[in-house]
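Please read the structure below before turning to the comments.
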Amino acid sequence: QKVKEVIKEPLKKSKEKQESKKEEIKDEEEKKKARKGKDTTDRKDKKAVDMNKLKKDSDKAKRDRGKEKEKEKGLDKNVKSKETTKKSASEKDGTIQGGKDKEIKKITRKKRNKQSSHCLKERSVPAQPTSPESEETIQPAEKSYVESGKAFTKKKKKPKLLNKFDKTIKAELDAAEKLRKKGKVEEALRAFEALVNQYPQSPRARYGKAQSEDDLAEKMRSNEMLQKAINTYDEVVSLPNVPSDLIKLSLKREADRQQFLGRMRGSLITLQKLVQLFPSDTSFKNDLGVGYLLIGDNSNAKKVYEEVLSLAPNDGFAKVHYGFILKAENKIAESIPYLKEGLESGDPGTNDGRFYFHLGDALQRMGDKEAYKWYELGYQRGHFASVWQRSLYNVKGLKAQPWWTARETGYTELVKSLEKNWKLIRDEGLAVMDKKRSLFLPEDENLREKGDWSQFTLWQQGRKNENACKSVPKTCALLERFPEATGCRRGQIKYSIMHPGTHVWPHTGPTNCRLRMHLGLVIPKEGCRIRCAQENRTWEEGKVLIFDDSFEHEVWQDAENYRLIFIVDVWHPELTAQQRRTLPAI
């Protein structure tokens with residue numbers, strides 16, 4: 001800058017030159033400082049932006065490219081402009097906060113939401129089925145199902161529940177709903193009933209009444225009140241001008257409550273109505289498929305999932321269920337890719353122990369060691385007690401080991417009685433084999449790779465088979481003294497005959513609530529063995545083997561003659577009397 005001051009007093013030329021030179025040097029130094037400060041700030045700006053860019057790029061690499069790339073560029077420009085705007089404020093502290101700035105956080109959040117809505121389905125874990133009283137199925141805590149540990153969720157739209165008329169009485173509806181949310185169920189029900197009487201055409205008031213009845217049914221443990229709620233949910237749909245979201249919520253809840261009451265066919269009709277009203281919504285088709293599976297109609301369920309996959313080829317929920325059906329049809333190899341891809345999708349409803357169980361089982365039957373990778377994953381996600389113990393209907397905290405002694409079970413009297421009377425039990429079984437061979441029914445759970453394996457059942461789920469016991473009266477009379485066996489509603493008492501050339505696939509029982517006793521009756525000298533977990537054992541005539549069949553076990557019969565044993569299931573010794581009374585039968 002030139003010196004603008006007017007020199008009033010005359011100075012000597014030499015002094016004037018010196019002063020001028022000093023000013024020039026000073027100006028030059030100020031310019032250098034300004035340039036240096038700008039360079040430092042620019043470098044900091046660039047570093048902050050670059051760090052942000054690296055972070056975004058690592059997120060972006062996990063998503064689809066293409067169109068998203070163009071959107072990324074636009075977003076990056078916004079980030080840079082925001083950072084430039086904030087630079088002067090940040091320079092006061094001598095540091096630019098980069099990724100920590102509120103504005104950048106806001107932009108990054110918007111960006112992630114936008115990306116996830118385009119290329120990721122919601123990844124929250126679905127609610128697990130309610131476990132029976134006194135029982136806890138081994139299921140994971142509710143958490144995000146994403147390998148990287150980062151959860152990306154699709155922002156849910158708030159459902160529109162009010163039509164034009166209901167908007168005019170919103171204050172009254174909100175007051176009643178507030179009572180319900182505070183847990184004042186009876187007051188809420190009275191408030192909604194009054195609204196329904198005053199405004200009979202109000203869908204929202206009717207829906208609030210249904211919800212209040214639903215809540216009260218749970219509080220009272222009343223099936224009668226729950227049926228009232230089901231009827232009211234149905235009434236909502238029949239009213240004029242009902243918002244679509246309200247129809248969906250009403251019918252979905254109605255179907256769910258019908259299933260809860262065991263009214264599977266009624267639930268199926270409700271789900272069919274949902275699909276007819278909203279044919280493009282594949283989630284309702286998926287629910288309909290489950291409805292068919294619940295009544296054992298695998299054929300129609302299969303058609304539904306084929307339709308879903310034709311509309312949405314990457315639907316993970318449809319894939320796991322379709323794979324499950326294929327496996328039930330013994331199409332083992334075909335089932336594997338559907339089960340695997342469905343689980344890998346992480347879609348809601350896929351993170352279920354049954355699918356890990358069946359995928360691992362299918363891989364084992366194909367001789368693929370990858371099975372244990374999926375069992376390990378199922379264990380890590382809380383579905384199995386361990387890699388070897390893979391039952392799905394469990395009570396937590398029970399002692400778990402593959403093999404047991406009579407003393408460890410506490411059922412020494414039962415074991416002594418079986419071993420003392422083994423010939424009586426054997427002879428009655430042999431007599432049935434000779435005269436009433438048709439009482440021995442082939443194993444029907446698809447557990448055999450090959451061979452001939454049949455069973456003659458005396459007790460099932462704690463219920464005595466009176467006709468069967470007429471053929472072996474002394475054996476049944478002997479067992480009547482031991483309620484730990486005859487009252488075990490999660491087990492059976494039966495004869496089991498296995499012929500040479502039979503191999504039973506590795507498998508696990510359904511529950512950890514029982515132990516299984518095998519009494520040897522007719523045992524060939526060689527060729528018969530059983531593996532439970534990692535230990536092999538053999539049977540002896542007149543001796544009892546005890547193992548926990550919730551652990552993986554496998555059987556080989558390579559002898560020259562048949563093998564006959566007597567199977568007695570007993571309650572796990574650590575179950576309380578209350579649990580034995582209340583646990584549902586399996």
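Please note that chains go A, B, ... in the order of the structure tokens, that every chain numbers its residues from 1, and that ligands are numbered from 1 in the order shown.
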
**Item:** All residues 9 Å or closer to segment 182-190 of chain A, only C-alpha atoms, same chain fewer than 2 positions away omitted, as a ChimeraX atom specification
**Value:** /A:175-180,192-195,208-213,215-216,219

Since we have the selection now, will you write its residues out, keeping N, CA, C and O atoms, as a compact mmCIF listing (two decimals), in the first residue's frame?
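The result, stored in part_2.txt:
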# COMPACT_ATOMS: atom_id res chain seq x y z
N ALA A 175 -57.30 -36.88 23.66
CA ALA A 175 -57.50 -36.99 25.11
C ALA A 175 -57.74 -38.45 25.52
O ALA A 175 -57.19 -38.93 26.52
N ALA A 176 -58.55 -39.16 24.72
CA ALA A 176 -58.82 -40.58 25.01
C ALA A 176 -57.55 -41.42 24.81
O ALA A 176 -57.25 -42.31 25.63
N GLU A 177 -56.81 -41.12 23.76
CA GLU A 177 -55.58 -41.87 23.47
C GLU A 177 -54.53 -41.64 24.56
O GLU A 177 -53.77 -42.55 24.91
N LYS A 178 -54.50 -40.43 25.10
CA LYS A 178 -53.55 -40.12 26.18
C LYS A 178 -53.81 -41.02 27.39
O LYS A 178 -52.87 -41.51 28.03
N LEU A 179 -55.08 -41.25 27.69
CA LEU A 179 -55.43 -42.14 28.80
C LEU A 179 -54.92 -43.57 28.54
O LEU A 179 -54.36 -44.21 29.43
N ARG A 180 -55.10 -44.00 27.31
CA ARG A 180 -54.65 -45.37 26.95
C ARG A 180 -53.14 -45.51 27.08
O ARG A 180 -52.64 -46.50 27.62
N PHE A 192 -63.34 -43.92 24.69
CA PHE A 192 -63.51 -44.29 23.27
C PHE A 192 -64.93 -44.80 23.00
O PHE A 192 -65.49 -44.55 21.92
N GLU A 193 -65.51 -45.51 23.96
CA GLU A 193 -66.90 -45.97 23.78
C GLU A 193 -67.85 -44.78 23.66
O GLU A 193 -68.77 -44.78 22.84
N ALA A 194 -67.60 -43.75 24.48
CA ALA A 194 -68.43 -42.54 24.42
C ALA A 194 -68.28 -41.86 23.05
O ALA A 194 -69.27 -41.39 22.47
N LEU A 195 -67.05 -41.82 22.54
CA LEU A 195 -66.80 -41.22 21.22
C LEU A 195 -67.49 -42.02 20.12
O LEU A 195 -68.04 -41.45 19.17
N GLY A 208 -59.52 -46.86 18.33
CA GLY A 208 -59.10 -46.64 19.72
C GLY A 208 -59.84 -47.56 20.68
O GLY A 208 -59.26 -48.06 21.65
N LYS A 209 -61.12 -47.78 20.41
CA LYS A 209 -61.91 -48.71 21.24
C LYS A 209 -61.34 -50.13 21.14
O LYS A 209 -61.18 -50.82 22.15
N ALA A 210 -61.00 -50.54 19.91
CA ALA A 210 -60.42 -51.88 19.70
C ALA A 210 -59.10 -52.01 20.44
O ALA A 210 -58.85 -53.04 21.11
N GLN A 211 -58.24 -51.00 20.35
CA GLN A 211 -56.96 -51.04 21.05
C GLN A 211 -57.14 -51.12 22.57
O GLN A 211 -56.41 -51.85 23.25
N SER A 212 -58.09 -50.36 23.08
CA SER A 212 -58.35 -50.37 24.53
C SER A 212 -58.86 -51.73 24.98
O SER A 212 -58.47 -52.24 26.04
N GLU A 213 -59.74 -52.35 24.19
CA GLU A 213 -60.23 -53.70 24.50
C GLU A 213 -59.07 -54.70 24.45
O GLU A 213 -58.99 -55.61 25.29
N ASP A 215 -55.88 -54.03 25.02
CA ASP A 215 -55.05 -53.80 26.21
C ASP A 215 -55.71 -54.39 27.46
O ASP A 215 -55.04 -55.00 28.31
N LEU A 216 -57.02 -54.21 27.56
CA LEU A 216 -57.75 -54.72 28.73
C LEU A 216 -57.75 -56.24 28.75
O LEU A 216 -57.65 -56.86 29.82
N LYS A 219 -54.54 -57.27 30.18
CA LYS A 219 -54.51 -57.00 31.62
C LYS A 219 -55.34 -58.01 32.40
O LYS A 219 -54.93 -58.49 33.47

**Prompt:** Which polymer residues have any atom within 9 Å of an atom of segment 428-444 of chain A, counting only C-alpha atoms, with same-chain residues fewer than 4 positions away left out, as JSON, numbers by chain?
**Reply:** {"A": [423, 424, 448, 452, 453, 454, 455, 456, 457, 468, 471, 472, 473, 474, 475, 495, 496, 497, 564, 566]}

Could you save those same residues with N, CA, C and O atoms as a tab-separated table (two decimals), in the first residue's frame?
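Written file, selection_20.tsv:
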chain	number	residue	atom	x	y	z
A	423	LYS	N	-35.67	-107.84	30.68
A	423	LYS	CA	-36.11	-109.02	29.90
A	423	LYS	C	-37.63	-109.01	29.73
A	423	LYS	O	-38.13	-109.37	28.65
A	424	LEU	N	-38.34	-108.60	30.77
A	424	LEU	CA	-39.81	-108.50	30.68
A	424	LEU	C	-40.18	-107.48	29.59
A	424	LEU	O	-41.05	-107.75	28.74
A	448	ARG	N	-33.74	-90.08	8.58
A	448	ARG	CA	-32.91	-91.17	8.03
A	448	ARG	C	-32.28	-90.79	6.71
A	448	ARG	O	-32.97	-90.30	5.81
A	452	ASP	N	-34.05	-98.74	7.59
A	452	ASP	CA	-35.38	-99.09	8.10
A	452	ASP	C	-35.38	-98.87	9.61
A	452	ASP	O	-34.64	-99.52	10.35
A	453	TRP	N	-36.22	-97.96	10.06
A	453	TRP	CA	-36.27	-97.60	11.48
A	453	TRP	C	-37.73	-97.36	11.85
A	453	TRP	O	-38.39	-96.52	11.27
A	454	SER	N	-38.23	-98.14	12.82
A	454	SER	CA	-39.64	-98.03	13.22
A	454	SER	C	-39.76	-97.93	14.74
A	454	SER	O	-38.86	-98.34	15.49
A	455	GLN	N	-40.93	-97.40	15.18
A	455	GLN	CA	-41.13	-97.16	16.61
A	455	GLN	C	-42.55	-97.56	17.02
A	455	GLN	O	-43.49	-97.43	16.23
A	456	PHE	N	-42.67	-98.00	18.27
A	456	PHE	CA	-43.96	-98.40	18.84
A	456	PHE	C	-44.12	-97.57	20.12
A	456	PHE	O	-43.44	-97.79	21.11
A	457	THR	N	-45.04	-96.58	20.10
A	457	THR	CA	-45.13	-95.56	21.15
A	457	THR	C	-46.19	-95.91	22.19
A	457	THR	O	-47.34	-96.22	21.86
A	468	ALA	N	-52.16	-99.15	22.84
A	468	ALA	CA	-50.80	-99.69	22.76
A	468	ALA	C	-50.44	-100.45	24.03
A	468	ALA	O	-49.82	-101.52	23.98
A	471	SER	N	-51.17	-104.13	24.60
A	471	SER	CA	-50.27	-105.13	24.01
A	471	SER	C	-49.04	-105.39	24.89
A	471	SER	O	-48.40	-106.44	24.77
A	472	VAL	N	-48.68	-104.42	25.75
A	472	VAL	CA	-47.51	-104.60	26.64
A	472	VAL	C	-47.91	-104.18	28.06
A	472	VAL	O	-47.33	-103.24	28.62
A	473	PRO	N	-48.87	-104.85	28.68
A	473	PRO	CA	-49.45	-104.40	29.95
A	473	PRO	C	-48.47	-104.34	31.12
A	473	PRO	O	-48.52	-103.42	31.93
A	474	LYS	N	-47.57	-105.31	31.20
A	474	LYS	CA	-46.63	-105.34	32.32
A	474	LYS	C	-45.62	-104.20	32.24
A	474	LYS	O	-45.27	-103.60	33.25
A	475	THR	N	-45.20	-103.91	31.04
A	475	THR	CA	-44.25	-102.80	30.85
A	475	THR	C	-44.90	-101.48	31.25
A	475	THR	O	-44.29	-100.66	31.95
A	495	TYR	N	-40.75	-98.21	22.08
A	495	TYR	CA	-39.79	-99.19	21.56
A	495	TYR	C	-39.24	-98.65	20.24
A	495	TYR	O	-39.98	-97.99	19.48
A	496	SER	N	-37.99	-98.95	19.97
A	496	SER	CA	-37.38	-98.49	18.71
A	496	SER	C	-36.58	-99.63	18.10
A	496	SER	O	-35.67	-100.17	18.74
A	497	ILE	N	-36.97	-100.02	16.88
A	497	ILE	CA	-36.25	-101.09	16.18
A	497	ILE	C	-35.57	-100.51	14.94
A	497	ILE	O	-36.18	-99.77	14.16
A	564	LEU	N	-32.90	-103.57	18.90
A	564	LEU	CA	-34.13	-103.17	19.60
A	564	LEU	C	-33.75	-102.51	20.91
A	564	LEU	O	-33.02	-103.09	21.72
A	566	PHE	N	-35.39	-99.67	24.19
A	566	PHE	CA	-36.57	-99.07	24.80
A	566	PHE	C	-36.19	-97.65	25.21
A	566	PHE	O	-35.21	-97.44	25.93

**Request:** List every residue of segment 163-398 of chain A that DSSP, applied to the backbone of this structure, places in helix (DSSP H, G or I), and write the result as a VMD selection string.
**Result:** chain A and resid 164 to 168 170 to 181 185 to 198 203 to 220 223 to 238 244 to 260 264 to 277 282 to 294 298 to 311 316 to 328 332 to 345 353 to 365 371 to 380

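Our summary of the geometry notes that atom CA of Ala485 of chain A is positioned 19.9 Å from atom CA of Ser391 of chain A.
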
**Item:** d(atom CA of Ile567 of chain A, atom CA of Asn330 of chain A) in Å
**Value:**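 The value is 27.0 Å.
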
**Message:** What's around Glu307 of chain A at 10 Å? Count only C-alpha atoms, leave out sequence neighbours fewer than 4 positions away in its own chain, and write the answer as a PyMOL selection string.
**Reply:** chain A and resi 282+285-286+301-303+311-313+318

What are the nearest atom pairs, with distances in Å to one decimal, for all residues of segment 426-535 of chain A that come at most 9 Å from segment 546-563 of chain A, using only C-alpha atoms, set out by chain and rising residue number as JSON lines?
{"residue": "A:Gly451", "atom": "CA", "partner": "A:Gln557", "partner_atom": "CA", "distance": 8.7}
{"residue": "A:Ser496", "atom": "CA", "partner": "A:Arg563", "partner_atom": "CA", "distance": 8.1}
{"residue": "A:Ile497", "atom": "CA", "partner": "A:Arg563", "partner_atom": "CA", "distance": 5.7}
{"residue": "A:Met498", "atom": "CA", "partner": "A:Arg563", "partner_atom": "CA", "distance": 5.2}
{"residue": "A:His499", "atom": "CA", "partner": "A:Tyr562", "partner_atom": "CA", "distance": 4.4}
{"residue": "A:Pro500", "atom": "CA", "partner": "A:Asp558", "partner_atom": "CA", "distance": 5.2}
{"residue": "A:Gly501", "atom": "CA", "partner": "A:Asp558", "partner_atom": "CA", "distance": 5.3}
{"residue": "A:Thr502", "atom": "CA", "partner": "A:Gln557", "partner_atom": "CA", "distance": 5.1}
{"residue": "A:His503", "atom": "CA", "partner": "A:Trp556", "partner_atom": "CA", "distance": 4.8}
{"residue": "A:Val504", "atom": "CA", "partner": "A:Val555", "partner_atom": "CA", "distance": 5.1}
{"residue": "A:Trp505", "atom": "CA", "partner": "A:Glu554", "partner_atom": "CA", "distance": 5.7}
{"residue": "A:Pro506", "atom": "CA", "partner": "A:Glu554", "partner_atom": "CA", "distance": 4.4}
{"residue": "A:His507", "atom": "CA", "partner": "A:Glu552", "partner_atom": "CA", "distance": 5.2}
{"residue": "A:Thr508", "atom": "CA", "partner": "A:Glu552", "partner_atom": "CA", "distance": 4.7}
{"residue": "A:Gly509", "atom": "CA", "partner": "A:Ser550", "partner_atom": "CA", "distance": 4.6}
{"residue": "A:Pro510", "atom": "CA", "partner": "A:Ser550", "partner_atom": "CA", "distance": 6.4}
{"residue": "A:Thr511", "atom": "CA", "partner": "A:Ser550", "partner_atom": "CA", "distance": 5.8}
{"residue": "A:Asn512", "atom": "CA", "partner": "A:Ser550", "partner_atom": "CA", "distance": 5.4}
{"residue": "A:Cys513", "atom": "CA", "partner": "A:Ser550", "partner_atom": "CA", "distance": 8.6}
{"residue": "A:Arg514", "atom": "CA", "partner": "A:Asp548", "partner_atom": "CA", "distance": 7.0}
{"residue": "A:Leu515", "atom": "CA", "partner": "A:Asp548", "partner_atom": "CA", "distance": 4.8}
{"residue": "A:Arg516", "atom": "CA", "partner": "A:Phe547", "partner_atom": "CA", "distance": 5.5}
{"residue": "A:Met517", "atom": "CA", "partner": "A:Ile546", "partner_atom": "CA", "distance": 4.5}
{"residue": "A:His518", "atom": "CA", "partner": "A:Ile546", "partner_atom": "CA", "distance": 6.4}
{"residue": "A:Leu519", "atom": "CA", "partner": "A:Ile546", "partner_atom": "CA", "distance": 8.9}
{"residue": "A:Gly520", "atom": "CA", "partner": "A:Arg563", "partner_atom": "CA", "distance": 8.5}
{"residue": "A:Leu521", "atom": "CA", "partner": "A:Arg563", "partner_atom": "CA", "distance": 7.9}
{"residue": "A:Val522", "atom": "CA", "partner": "A:Arg563", "partner_atom": "CA", "distance": 5.5}
{"residue": "A:Ile523", "atom": "CA", "partner": "A:Arg563", "partner_atom": "CA", "distance": 5.2}
{"residue": "A:Pro524", "atom": "CA", "partner": "A:Ala559", "partner_atom": "CA", "distance": 6.4}
{"residue": "A:Lys525", "atom": "CA", "partner": "A:Ala559", "partner_atom": "CA", "distance": 7.9}
{"residue": "A:Glu526", "atom": "CA", "partner": "A:Ala559", "partner_atom": "CA", "distance": 5.9}
{"residue": "A:Gly527", "atom": "CA", "partner": "A:Ala559", "partner_atom": "CA", "distance": 4.2}
{"residue": "A:Cys528", "atom": "CA", "partner": "A:Gln557", "partner_atom": "CA", "distance": 4.6}
{"residue": "A:Arg529", "atom": "CA", "partner": "A:Trp556", "partner_atom": "CA", "distance": 5.6}
{"residue": "A:Ile530", "atom": "CA", "partner": "A:Val555", "partner_atom": "CA", "distance": 4.6}
{"residue": "A:Arg531", "atom": "CA", "partner": "A:Glu554", "partner_atom": "CA", "distance": 5.2}
{"residue": "A:Cys532", "atom": "CA", "partner": "A:His553", "partner_atom": "CA", "distance": 4.2}
{"residue": "A:Ala533", "atom": "CA", "partner": "A:Glu552", "partner_atom": "CA", "distance": 5.3}
{"residue": "A:Gln534", "atom": "CA", "partner": "A:His553", "partner_atom": "CA", "distance": 8.7}

**Message:** Let me make sure I understand: among A:Leu246, A:Asn394, A:Leu251, A:Pro279, which one has the smallest atom-to-atom distance to Ile230 of chain A if we use only C-alpha atoms?
**Reply:** A:Leu251

**Asked** Could you name the residues that touch Asp256 of chain A at 12 Å or less, counting only C-alpha atoms, but leaving out those on the same chain fewer than 3 positions away, as an MDAnalysis selection string?
**Response** chainID A and resid 129 214 226:227 229:230 233 249:253 259:271 287:288 290:291

**Request:** In Å, rounded to a single decimal, give me how far atom CA of Gln460 of chain A is from atom CA of Gln492 of chain A.
**Result:** 4.6 Å

**Request:** Could you give me, as a list in words, the residues within 7 Å of Asp361 of chain A, counting only C-alpha atoms and dropping anything in the same chain fewer than 4 positions from it?
**Result:**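 What passes the distance filter is Phe357, Arg365 and Ala371 of chain A.
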
Could you write out that same residue set with C-alpha atoms as an mmCIF file, in the first residue's frame?
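Contents of out27.cif, as written:
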data_model
loop_
_atom_site.group_PDB
_atom_site.id
_atom_site.type_symbol
_atom_site.label_atom_id
_atom_site.label_comp_id
_atom_site.auth_asym_id
_atom_site.auth_seq_id
_atom_site.Cartn_x
_atom_site.Cartn_y
_atom_site.Cartn_z
ATOM 1 C CA PHE A 357 -31.004 -74.710 12.153
ATOM 2 C CA ARG A 365 -26.759 -83.634 4.593
ATOM 3 C CA ALA A 371 -22.751 -76.173 8.225
#

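Restricting the calculation to only C-alpha atoms, the smallest distance between Glu574 of chain A and any of A:Asn223, A:Asn300, A:Thr409, A:Asn241 is found for A:Thr409.
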
**Prompt:** Using only C-alpha atoms, which residue out of A:Ala585, A:Leu343, A:Val237, A:Val242 lies closest to Leu161 of chain A?
**Reply:** A:Val242

**Item:** Within 12 Å of Lys416 of chain A using only C-alpha atoms, minus same-chain residues under 6 positions, as a list in words
**Value:**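 Final neighbour list, sorted by chain and number: Ala406, Arg407, Gly410, Trp422, Leu478, Phe482, Leu519, Gly542, Lys543 and Val544 of chain A.
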
**Message:** I want to know what sits within 9 Å of Phe384 of chain A, based on only C-alpha atoms, with residues of the same chain fewer than 5 positions away left out; could you give that as an NGL selection string?
**Reply:** :A and (138-139 or 353 or 357 or 375-376 or 378-379 or 389-392)

**Item:** Best match for closeness to Arg581 of chain A among A:Lys228, A:Lys273, A:Glu484, A:His383, counting only C-alpha atoms
**Value:**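 Using only C-alpha atoms, Arg581 of chain A sits closest to A:Glu484.
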
**Message:** Considering only C-alpha atoms, can you say which of A:Lys494, A:Lys450, A:Arg206, A:Lys160 comes closest to Lys248 of chain A?
**Reply:** A:Lys160
